[in-house]
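Student: You'll find protein-v7.txt just under this line, and it carries compact mmCIF, C-alpha atoms and all ligand atoms.
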# COMPACT_ATOMS: atom_id res chain seq x y z
CA MET A 26 91.33 71.56 99.47
CA SER A 27 94.95 72.68 99.64
CA ARG A 28 96.02 74.53 96.47
CA LYS A 29 99.44 76.08 95.97
CA THR A 30 99.08 77.57 92.50
CA PHE A 31 96.23 79.24 90.65
CA SER A 32 96.04 79.71 86.90
CA LEU A 33 94.88 82.89 85.20
CA ALA A 34 91.58 81.23 84.25
CA GLU A 35 90.97 80.00 87.82
CA LEU A 36 91.65 83.44 89.30
CA GLU A 37 89.31 85.00 86.75
CA GLU A 38 86.52 82.54 87.66
CA LEU A 39 87.05 83.28 91.33
CA LEU A 40 86.82 87.06 90.72
CA LEU A 41 83.61 86.53 88.74
CA GLY A 42 82.08 85.00 91.88
CA HIS A 43 82.21 81.35 90.84
CA TRP A 44 83.93 79.97 93.94
CA PRO A 45 82.07 76.82 95.06
CA GLY A 46 79.80 77.82 97.92
CA GLY A 47 79.97 81.53 97.04
CA ASP A 48 81.72 84.49 98.67
CA ALA A 49 81.24 83.29 102.27
CA ALA A 50 83.06 80.04 101.46
CA LEU A 51 85.76 82.00 99.60
CA ALA A 52 86.29 84.27 102.64
CA ALA A 53 86.52 81.23 104.94
CA ARG A 54 89.13 79.60 102.70
CA ALA A 55 91.17 82.82 102.46
CA ARG A 56 91.05 83.17 106.26
CA GLN A 57 92.27 79.59 106.62
CA VAL A 58 95.25 80.22 104.31
CA MET A 59 95.95 83.49 106.13
CA ALA A 60 95.93 81.74 109.54
CA GLU A 61 98.33 79.07 108.27
CA GLU A 62 100.73 81.42 106.52
CA VAL A 63 100.78 84.75 108.38
CA GLY A 64 98.66 84.09 111.49
CA GLU A 65 95.37 85.58 112.70
CA GLU A 66 96.89 88.76 114.12
CA VAL A 67 96.14 92.13 112.57
CA ARG A 68 99.34 94.16 112.11
CA LEU A 69 99.14 97.92 112.51
CA ARG A 70 100.90 100.77 110.73
CA GLY A 71 100.08 104.34 111.71
CA LEU A 72 99.52 106.16 108.40
CA LEU A 73 100.93 109.69 108.37
CA GLU A 74 100.15 111.69 105.22
CA PHE A 75 102.81 114.38 105.46
CA SER A 76 102.44 116.42 102.24
CA ASN A 77 99.88 116.74 99.46
CA ARG A 78 102.23 118.50 97.03
CA CYS A 79 102.66 116.33 93.96
CA ALA A 80 104.61 116.66 90.71
CA SER A 81 102.61 113.88 89.05
CA ASP A 82 99.27 114.28 87.36
CA CYS A 83 97.43 110.94 87.63
CA TYR A 84 94.01 111.76 86.15
CA TYR A 85 92.05 110.04 88.96
CA CYS A 86 93.75 111.57 91.99
CA GLY A 87 92.47 114.41 94.17
CA ILE A 88 95.99 115.69 94.97
CA ARG A 89 97.32 115.54 91.37
CA ARG A 90 99.52 118.44 90.28
CA SER A 91 96.70 120.17 88.38
CA SER A 92 94.11 119.81 91.14
CA ASP A 93 93.17 123.24 92.41
CA THR A 94 89.91 122.94 94.34
CA ASP A 95 88.84 120.63 97.12
CA ASP A 96 85.54 118.76 97.43
CA GLY A 97 83.76 121.85 98.75
CA GLY A 98 84.90 123.92 95.71
CA HIS A 99 87.41 125.85 97.84
CA PRO A 100 91.00 126.35 96.66
CA LEU A 101 93.00 123.20 97.47
CA VAL A 102 95.45 124.05 100.24
CA ARG A 103 98.83 122.45 99.66
CA PHE A 104 100.58 121.51 102.90
CA ASP A 105 103.82 120.07 104.24
CA LEU A 106 103.98 118.82 107.81
CA THR A 107 107.00 120.07 109.70
CA GLU A 108 109.64 117.67 110.95
CA GLU A 109 108.34 118.29 114.45
CA ALA A 110 104.78 117.32 113.50
CA ILE A 111 106.02 114.12 111.82
CA LEU A 112 108.07 113.21 114.89
CA GLU A 113 104.99 113.80 117.05
CA GLY A 114 103.10 111.37 114.80
CA ALA A 115 105.88 108.82 115.27
CA GLN A 116 105.72 109.24 119.06
CA LEU A 117 101.95 108.74 118.95
CA CYS A 118 102.43 105.45 117.09
CA LEU A 119 105.00 104.41 119.68
CA GLN A 120 102.74 105.30 122.63
CA GLU A 121 99.92 103.27 121.13
CA GLY A 122 102.16 100.23 120.77
CA TYR A 123 102.20 100.31 116.96
CA GLY A 124 105.49 98.76 115.87
CA SER A 125 105.39 100.47 112.48
CA MET A 126 104.33 103.58 110.66
CA THR A 127 103.75 104.46 107.01
CA LEU A 128 104.90 107.84 105.74
CA GLN A 129 103.01 108.85 102.63
CA ALA A 130 103.06 111.97 100.44
CA GLY A 131 102.66 113.17 96.88
CA GLU A 132 105.49 112.38 94.50
CA ARG A 133 108.32 114.92 94.34
CA ARG A 134 111.89 114.56 93.25
CA ASP A 135 113.29 117.99 94.16
CA ARG A 136 116.37 118.06 96.31
CA ALA A 137 114.74 119.87 99.24
CA PHE A 138 112.07 117.15 99.50
CA ILE A 139 114.54 114.25 99.27
CA ASP A 140 116.85 115.84 101.89
CA PHE A 141 113.87 116.50 104.17
CA VAL A 142 112.55 112.92 103.96
CA GLU A 143 116.01 111.46 104.54
CA GLY A 144 116.53 113.66 107.61
CA VAL A 145 113.12 112.83 109.06
CA LEU A 146 113.70 109.09 108.61
CA ARG A 147 116.98 109.30 110.54
CA LYS A 148 115.35 111.30 113.33
CA ILE A 149 112.42 108.88 113.66
CA LYS A 150 114.86 105.99 113.95
CA GLU A 151 116.92 107.81 116.59
CA GLU A 152 113.93 108.81 118.66
CA THR A 153 111.86 105.61 118.66
CA VAL A 154 114.28 103.02 120.05
CA THR A 155 112.66 101.16 122.97
CA PRO A 156 113.29 97.78 124.66
CA ASP A 157 110.48 96.33 122.49
CA LEU A 158 111.81 97.98 119.34
CA PRO A 159 115.62 97.96 119.54
CA ARG A 160 115.79 99.19 115.92
CA GLY A 161 113.08 101.83 116.38
CA LEU A 162 109.71 101.95 114.62
CA GLY A 163 109.43 99.99 111.39
CA ILE A 164 108.98 102.50 108.57
CA THR A 165 107.16 102.03 105.29
CA LEU A 166 107.70 104.85 102.85
CA SER A 167 105.29 105.77 100.05
CA VAL A 168 106.48 108.78 98.08
CA GLY A 169 106.20 107.51 94.53
CA GLU A 170 108.80 106.92 91.83
CA GLN A 171 112.31 108.10 92.69
CA THR A 172 115.82 107.44 91.35
CA ARG A 173 117.85 104.44 92.52
CA GLU A 174 120.17 106.81 94.32
CA THR A 175 117.26 108.28 96.25
CA TYR A 176 115.91 104.84 97.17
CA ALA A 177 119.35 103.97 98.53
CA ARG A 178 119.41 107.15 100.64
CA PHE A 179 115.96 106.42 102.08
CA PHE A 180 116.89 102.82 102.79
CA ASP A 181 120.16 103.79 104.50
CA ALA A 182 118.25 106.35 106.57
CA GLY A 183 116.07 103.58 108.00
CA ALA A 184 112.96 102.96 105.88
CA HIS A 185 112.81 99.23 105.20
CA ARG A 186 109.50 98.85 103.33
CA TYR A 187 108.24 100.81 100.32
CA LEU A 188 104.73 100.98 98.95
CA LEU A 189 104.30 101.80 95.26
CA ARG A 190 101.12 100.64 93.59
CA VAL A 191 101.39 99.60 89.97
CA GLU A 192 97.72 100.82 89.83
CA THR A 193 97.04 98.36 86.95
CA SER A 194 99.43 96.02 85.18
CA ASP A 195 97.49 96.42 81.92
CA PRO A 196 99.39 98.80 79.57
CA ARG A 197 96.21 100.07 77.89
CA LEU A 198 94.47 100.92 81.17
CA PHE A 199 97.63 102.43 82.66
CA ALA A 200 97.95 104.74 79.64
CA ARG A 201 94.30 105.85 79.95
CA LEU A 202 94.82 106.82 83.60
CA HIS A 203 98.10 108.71 83.34
CA PRO A 204 99.72 111.44 81.24
CA PRO A 205 102.13 110.19 78.55
CA GLU A 206 105.29 110.85 80.60
CA GLN A 207 104.08 108.46 83.33
CA THR A 208 104.50 104.98 81.86
CA LEU A 209 103.88 101.44 83.06
CA GLU A 210 107.45 100.52 82.06
CA ARG A 211 108.82 103.22 84.35
CA ARG A 212 106.57 102.07 87.21
CA ILE A 213 107.69 98.46 86.85
CA ARG A 214 111.34 99.56 86.69
CA ALA A 215 110.80 101.52 89.90
CA LEU A 216 109.47 98.39 91.62
CA GLU A 217 112.51 96.44 90.42
CA ASP A 218 114.85 99.20 91.62
CA LEU A 219 113.21 99.14 95.05
CA LYS A 220 113.76 95.39 95.29
CA ALA A 221 117.38 95.75 94.20
CA THR A 222 117.90 98.41 96.89
CA GLY A 223 116.83 95.95 99.58
CA PHE A 224 113.33 97.21 100.42
CA GLN A 225 110.46 94.93 101.23
CA VAL A 226 108.20 95.98 98.40
CA GLY A 227 104.49 96.55 98.46
CA THR A 228 102.36 97.13 95.42
CA GLY A 229 98.71 96.95 94.43
CA VAL A 230 96.02 98.09 92.05
CA MET A 231 92.79 100.03 91.92
CA ILE A 232 89.75 97.82 91.47
CA GLY A 233 86.83 98.80 89.26
CA ILE A 234 88.61 101.09 86.78
CA PRO A 235 86.29 101.68 83.76
CA GLY A 236 87.06 99.05 81.13
CA GLN A 237 88.94 96.78 83.59
CA THR A 238 87.87 93.13 83.37
CA ALA A 239 88.10 90.22 85.81
CA ARG A 240 90.82 88.83 83.53
CA ASP A 241 92.82 92.09 83.89
CA LEU A 242 92.59 91.78 87.67
CA ALA A 243 93.57 88.10 87.54
CA ARG A 244 96.64 89.19 85.52
CA ASP A 245 97.39 91.79 88.21
CA ILE A 246 97.58 88.99 90.80
CA LEU A 247 100.00 87.07 88.57
CA PHE A 248 101.99 90.30 88.23
CA PHE A 249 102.22 90.59 92.06
CA ARG A 250 103.58 87.05 92.10
CA LYS A 251 106.00 87.68 89.23
CA ILE A 252 107.62 90.71 90.87
CA ASP A 253 107.69 88.78 94.16
CA ALA A 254 105.80 91.42 96.19
CA ASP A 255 106.02 91.20 99.99
CA MET A 256 102.96 93.35 100.70
CA ILE A 257 99.81 94.19 98.81
CA GLY A 258 97.77 97.37 99.27
CA MET A 259 94.82 97.63 96.91
CA GLY A 260 91.39 99.13 97.03
CA PRO A 261 88.40 100.21 94.99
CA TYR A 262 88.69 102.89 92.33
CA ILE A 263 86.63 105.88 93.45
CA GLU A 264 85.41 109.12 91.92
CA ALA A 265 88.04 111.81 92.53
CA ALA A 266 87.61 114.65 94.94
CA GLY A 267 87.51 118.33 94.00
CA SER A 268 88.49 119.60 90.56
CA ALA A 269 90.19 116.27 89.73
CA ARG A 270 86.65 114.93 89.24
CA GLN A 271 86.29 117.19 86.16
CA GLU A 272 89.35 115.53 84.63
CA MET A 273 87.84 112.08 85.21
CA LEU A 274 84.54 113.23 83.73
CA HIS A 275 86.24 114.82 80.73
CA ARG A 276 88.26 111.66 80.01
CA GLY A 277 85.40 109.21 80.55
CA LEU A 278 87.10 107.82 83.63
CA LEU A 279 84.38 108.03 86.26
CA PRO A 280 83.74 104.63 87.90
CA GLU A 281 81.08 102.67 86.02
CA SER A 282 80.23 99.87 88.43
CA SER A 283 78.04 100.49 91.48
CA PRO A 284 79.67 100.83 94.93
CA PRO A 285 78.32 97.43 96.13
CA GLU A 286 79.68 95.73 92.98
CA ARG A 287 83.07 97.37 93.43
CA LEU A 288 83.18 96.42 97.09
CA ARG A 289 82.35 92.79 96.28
CA LEU A 290 85.02 92.70 93.59
CA SER A 291 87.57 94.30 95.94
CA LEU A 292 86.86 91.70 98.62
CA ARG A 293 87.21 88.87 96.10
CA MET A 294 90.51 90.44 94.97
CA ILE A 295 91.79 90.33 98.55
CA ALA A 296 90.76 86.70 98.94
CA ALA A 297 92.17 85.70 95.53
CA THR A 298 95.48 87.42 96.30
CA ARG A 299 95.65 85.63 99.66
CA LEU A 300 95.06 82.27 97.97
CA ALA A 301 97.60 82.92 95.22
CA LEU A 302 100.38 84.67 97.20
CA ARG A 303 99.73 83.13 100.64
CA ASP A 304 102.44 84.50 102.98
CA VAL A 305 102.40 88.22 102.07
CA ASN A 306 100.93 91.06 104.12
CA ILE A 307 97.67 92.37 102.66
CA ALA A 308 96.19 95.69 103.82
CA ALA A 309 92.50 96.32 104.34
CA ALA A 310 92.73 99.67 102.53
CA THR A 311 91.01 102.84 103.73
CA ALA A 312 89.19 103.17 100.39
CA LEU A 313 87.13 100.04 101.21
CA GLN A 314 85.48 102.12 103.89
CA ALA A 315 84.46 104.75 101.34
CA LEU A 316 82.08 102.14 99.91
CA SER A 317 80.77 100.69 103.19
CA PRO A 318 81.09 101.72 106.85
CA THR A 319 82.47 98.22 107.56
CA GLY A 320 84.57 98.02 104.39
CA ARG A 321 87.90 97.58 106.19
CA GLU A 322 86.46 94.99 108.57
CA GLN A 323 85.14 93.05 105.58
CA GLY A 324 88.63 93.27 104.06
CA LEU A 325 89.97 91.54 107.19
CA ALA A 326 87.26 88.89 106.90
CA PHE A 327 88.40 88.14 103.32
CA GLY A 328 92.03 87.51 104.30
CA ALA A 329 93.67 90.93 104.81
CA ASN A 330 95.98 91.15 107.85
CA VAL A 331 97.08 94.81 108.00
CA LEU A 332 95.22 97.92 109.16
CA MET A 333 96.60 101.42 108.71
CA PRO A 334 94.91 103.77 111.19
CA ILE A 335 95.36 107.35 109.99
CA VAL A 336 97.52 109.43 112.34
CA THR A 337 97.64 112.53 110.10
CA PRO A 338 96.72 115.59 112.21
CA GLY A 339 93.01 116.48 111.95
CA GLY A 340 93.73 119.89 110.37
CA GLN A 341 95.43 118.46 107.26
CA ARG A 342 93.12 115.56 106.47
CA LYS A 343 90.67 117.45 104.24
CA ALA A 344 93.57 118.53 102.03
CA TYR A 345 94.64 114.88 101.52
CA GLN A 346 91.38 113.85 99.94
CA LEU A 347 92.49 111.52 97.16
CA TYR A 348 88.89 110.66 96.27
CA GLN A 349 85.35 111.63 97.25
CA GLY A 350 84.06 110.35 100.56
CA LYS A 351 87.54 109.45 101.89
CA PRO A 352 86.83 108.17 105.40
CA CYS A 353 88.06 109.76 108.60
CA VAL A 354 88.69 113.28 107.23
CA GLU A 355 86.66 114.76 110.09
CA GLU A 356 88.37 112.64 112.75
CA THR A 357 91.48 113.23 114.81
CA ALA A 358 94.43 110.85 115.11
CA ARG A 359 93.19 109.86 118.59
CA GLU A 360 89.76 108.92 117.21
CA CYS A 361 91.25 106.74 114.48
CA ILE A 362 93.49 105.08 117.05
CA ALA A 363 90.49 104.35 119.30
CA CYS A 364 88.50 102.92 116.39
CA THR A 365 91.14 100.42 115.27
CA PRO A 366 90.79 97.68 117.93
CA ARG A 367 87.01 97.81 117.35
CA ARG A 368 87.52 97.06 113.67
CA ALA A 369 89.72 94.06 114.47
CA ALA A 370 87.22 92.87 117.11
CA TRP A 371 84.37 93.10 114.55
CA ALA A 372 86.35 90.70 112.37
CA ARG A 373 87.08 88.55 115.49
CA ARG A 374 90.81 89.05 115.18
CA PRO A 375 93.57 89.73 117.72
CA VAL A 376 95.86 92.73 117.22
CA SER A 377 99.65 92.56 117.17
CA TYR A 378 101.44 95.31 119.10
CA HIS A 379 105.10 96.27 119.62
CA SER A 380 106.51 94.56 116.54
CA TRP A 381 107.34 95.56 112.98
CA GLY A 382 105.01 92.90 111.65
CA ASP A 383 106.99 92.06 108.51
CA ALA A 384 105.42 89.54 106.16
CA PRO A 385 106.75 85.97 106.54
CA HIS A 386 107.28 86.12 102.78
CA ALA A 387 109.98 88.77 103.26
CA ARG A 388 111.61 86.91 106.15
CA ARG A 389 111.82 83.66 104.18
CA LYS A 390 113.88 85.18 101.36
N1 LIG B 401 102.65 109.54 95.69
C1 LIG B 401 102.63 108.21 96.20
C2 LIG B 401 102.38 107.22 95.10
O1 LIG B 401 102.01 107.62 93.98
O2 LIG B 401 102.57 106.04 95.35
C3 LIG B 401 101.65 108.01 97.33
C4 LIG B 401 100.40 108.82 97.32
S1 LIG B 401 99.18 108.28 96.14
C5 LIG B 401 97.98 109.52 96.30
C6 LIG B 401 98.49 106.87 96.99
C7 LIG B 401 97.48 106.04 96.24
O3 LIG B 401 96.22 106.70 96.22
C8 LIG B 401 97.76 105.73 94.80
O4 LIG B 401 98.65 104.66 94.67
C9 LIG B 401 96.35 105.41 94.26
O5 LIG B 401 96.14 104.02 94.07
C10 LIG B 401 95.40 105.95 95.34
N2 LIG B 401 94.35 106.79 94.74
C11 LIG B 401 94.48 108.03 94.25
N3 LIG B 401 93.32 108.44 93.71
C12 LIG B 401 92.44 107.43 93.84
C13 LIG B 401 91.07 107.22 93.46
N4 LIG B 401 90.40 108.16 92.79
N5 LIG B 401 90.48 106.04 93.79
C14 LIG B 401 91.17 105.11 94.46
N6 LIG B 401 92.46 105.22 94.83
C15 LIG B 401 93.09 106.38 94.52
Mind turning this structure into structure tokens?

Tutor:
Amino acid sequence: MSRKTFSLAELEELLLGHWPGGDAALAARARQVMAEEVGEEVRLRGLLEFSNRCASDCYYCGIRRSSDTDDGGHPLVRFDLTEEAILEGAQLCLQEGYGSMTLQAGERRDRAFIDFVEGVLRKIKEETVTPDLPRGLGITLSVGEQTRETYARFFDAGAHRYLLRVETSDPRLFARLHPPEQTLERRIRALEDLKATGFQVGTGVMIGIPGQTARDLARDILFFRKIDADMIGMGPYIEAAGSARQEMLHRGLLPESSPPERLRLSLRMIAATRLALRDVNIAAATALQALSPTGREQGLAFGANVLMPIVTPGGQRKAYQLYQGKPCVEETARECIACTPRRAAWARRPVSYHSWGDAPHARRK
């Protein structure tokens, strides 16, 4: 069966588990579409989390502005990696043959932060030119909502992809998860601004938010299509880490579905997005692994084609605990690097090295 378009009702049915032949048949179909449209290869981006300072206060997030204790009840240590440490991370990606890295941090709009990020981007580009990568490492940036002027500075400095999850495209759910000054309209405008700047744009949602229905998630997939996303990064919604958990509890926002249910739904979301969007890059998000030791591998089996091994230095990982049970916080960058080919092998997939690994969707535009 070769289908090019899916209606809202069809996507909803699929997410409810009504694909003919069940989830195994759904995964096989998603893999087939993936092979045709983006190939079997798993593309790698070294994920460097370079600061947990955040000016936003998303109620579900362990590094939100108001968060003050970590999972162990100790004061949350706010950190900023130095330029030198970030450049070391970039060199590590290069040595391992990763063609790309993702730089992620909390959301800040102060001048010192913007200047710092711009400078680091330029340095990474200067220092990572090789015969395989004549334009240096590919860089995905993920530092939240910024002004158009700031996006332009980051783009000119060498980032060419930007990841900003919409979190949910449902206005009611978005408003329950965020303080009043953070609005869905503003988030959507930010995604449009990123496109207008020239970025390849990635977005995504959290799956299993209390009150979220299969129809809401089906609408999210249509939203990805409407804004013409190039990359999708989405994962299960998980109980927050540290004091942020109290906020979730207080607001009735703790996850309601069981971890196995949320994992199943997340895998169906990956497959459904692959079937509906076809030639985009889809990440097997780290959060999948918080629900199952093979969560990311299962994400690959359901049609994801990107892995983001964490290259954040071991010492800072505990302070970047967005949610409880975030995987790999005890590991070092070297351990995560060693683990990655094993994950791809589990899913019987080859790995792509020494290239940016842009989505065909972006190249075709
Ligand atoms: N500040 C940037 C931004 O907002 O895009 C990047 C960092 S932000 C912490 C990265 C992502 O973490 C968010 O887009 C959100 O989906 C995810 N996240 C935070 N808390 C989470 C939770 N409790 N469960 C699942 N995902 C969570």

Student: Return as number ranges by chain the residues of protein, DNA or RNA that approach ligand LIG 401 (chain B) to within 6 Å, with only C-alpha atoms and all ligand atoms taken into account.

Tutor: A: 85-86, 129-132, 167-169, 189-190, 192, 231, 261-265, 347-348

Student: With all atoms listed in the file as the counted atoms, please give the residues lying no more than 12 Å from Ala363 in chain A, apart from itself and same-chain residues fewer than 6 positions off, as a list in words.

Tutor: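 After dropping sequence-adjacent residues, the list is Glu121, Pro334, Ile335, Val336, Glu356, Thr357 and Ala369 of chain A.
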
Student: Report, in Å with one decimal, the straight-line distance from CA of Ser291 in chain A to CA of Thr193 in chain A.

Tutor: 13.7 Å

Student: Can you tell me which residues surround Glu35 in chain A at a distance of at most 12 Å, considering only C-alpha atoms, apart from same-chain residues fewer than 3 positions away, and format the answer as a VMD selection string?

Tutor: chain A and resid 28 30 to 32 38 to 45 239 to 240 242 to 244 246 to 247 297 300 to 301

Student: I'd like to know which of A:Gln237, A:Gln207, A:Thr337, A:Thr365 is closest to Asp82 in chain A, using all atoms listed in the file.

Tutor: A:Gln207

Student: To one decimal in Å, tell me the separation between CA of Thr153 in chain A and CA of Leu219 in chain A.

Tutor: 24.5 Å

Student: Just the residues within 7 Å of Cys118 in chain A, please, counting only C-alpha atoms, with nothing from its chain fewer than 5 positions along; format it as a PyMOL selection string.

Tutor: chain A and resi 71+123+126

Student: Which value, in Å to one decimal, gives the distance between CA of Ser282 in chain A and CA of Pro235 in chain A?

Tutor: 7.9 Å

Student: What are the centre and edge lengths in Å, to one decimal, of the axis-aligned box around all listed atoms of range 197-206 of chain A with 4 Å added on each side, as JSON?

Tutor:
{"center_x": 99.8, "center_y": 105.8, "center_z": 80.7, "size_x": 19.0, "size_y": 19.4, "size_z": 13.7}

Student: Using only C-alpha atoms for the distances, tell me which of A:Gly350, A:Gly267, A:Pro204, A:Gly163 is nearest to Thr94 in chain A.

Tutor: A:Gly267

Student: Check the smallest atom-to-atom distance from each of A:Leu202, A:Ala384, A:Met273, A:Met259 to Thr298 in chain A using all atoms listed in the file, then report the winner.

Tutor: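 Looking only at the distances to Thr298 in chain A, the closest residue turns out to be A:Met259.
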
Student: Can you put N, CA and C atoms back into range 114-127 of chain A and show it as a PDB file, in the coordinates of the input?

Tutor:
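What follows is the written file out02.pdb:
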ATOM      1  N   GLY A 114     103.872 112.509 115.328  1.00  0.00           N
ATOM      2  CA  GLY A 114     103.100 111.370 114.800  1.00  0.00           C
ATOM      3  C   GLY A 114     103.788 110.053 115.124  1.00  0.00           C
ATOM      4  N   ALA A 115     105.118 110.048 114.988  1.00  0.00           N
ATOM      5  CA  ALA A 115     105.880 108.820 115.270  1.00  0.00           C
ATOM      6  C   ALA A 115     105.754 108.469 116.759  1.00  0.00           C
ATOM      7  N   GLN A 116     105.830 109.490 117.617  1.00  0.00           N
ATOM      8  CA  GLN A 116     105.720 109.240 119.060  1.00  0.00           C
ATOM      9  C   GLN A 116     104.326 108.695 119.413  1.00  0.00           C
ATOM     10  N   LEU A 117     103.318 109.219 118.725  1.00  0.00           N
ATOM     11  CA  LEU A 117     101.950 108.740 118.950  1.00  0.00           C
ATOM     12  C   LEU A 117     101.855 107.254 118.608  1.00  0.00           C
ATOM     13  N   CYS A 118     102.437 106.865 117.484  1.00  0.00           N
ATOM     14  CA  CYS A 118     102.430 105.450 117.090  1.00  0.00           C
ATOM     15  C   CYS A 118     103.106 104.613 118.183  1.00  0.00           C
ATOM     16  N   LEU A 119     104.225 105.134 118.658  1.00  0.00           N
ATOM     17  CA  LEU A 119     105.000 104.410 119.680  1.00  0.00           C
ATOM     18  C   LEU A 119     104.169 104.241 120.959  1.00  0.00           C
ATOM     19  N   GLN A 120     103.554 105.352 121.397  1.00  0.00           N
ATOM     20  CA  GLN A 120     102.740 105.300 122.630  1.00  0.00           C
ATOM     21  C   GLN A 120     101.608 104.294 122.520  1.00  0.00           C
ATOM     22  N   GLU A 121     101.054 104.168 121.313  1.00  0.00           N
ATOM     23  CA  GLU A 121      99.920 103.270 121.130  1.00  0.00           C
ATOM     24  C   GLU A 121     100.350 101.820 120.920  1.00  0.00           C
ATOM     25  N   GLY A 122     101.657 101.592 120.916  1.00  0.00           N
ATOM     26  CA  GLY A 122     102.160 100.230 120.770  1.00  0.00           C
ATOM     27  C   GLY A 122     102.222  99.763 119.327  1.00  0.00           C
ATOM     28  N   TYR A 123     102.054 100.702 118.357  1.00  0.00           N
ATOM     29  CA  TYR A 123     102.200 100.310 116.960  1.00  0.00           C
ATOM     30  C   TYR A 123     103.699 100.108 116.723  1.00  0.00           C
ATOM     31  N   GLY A 124     104.060  98.989 116.131  1.00  0.00           N
ATOM     32  CA  GLY A 124     105.490  98.760 115.870  1.00  0.00           C
ATOM     33  C   GLY A 124     105.954  99.449 114.604  1.00  0.00           C
ATOM     34  N   SER A 125     105.013  99.927 113.796  1.00  0.00           N
ATOM     35  CA  SER A 125     105.390 100.470 112.480  1.00  0.00           C
ATOM     36  C   SER A 125     104.552 101.680 112.118  1.00  0.00           C
ATOM     37  N   MET A 126     105.117 102.499 111.238  1.00  0.00           N
ATOM     38  CA  MET A 126     104.330 103.580 110.660  1.00  0.00           C
ATOM     39  C   MET A 126     104.565 103.644 109.152  1.00  0.00           C
ATOM     40  N   THR A 127     103.606 104.234 108.451  1.00  0.00           N
ATOM     41  CA  THR A 127     103.750 104.460 107.010  1.00  0.00           C
ATOM     42  C   THR A 127     103.769 105.959 106.769  1.00  0.00           C
TER      43      THR A 127
END
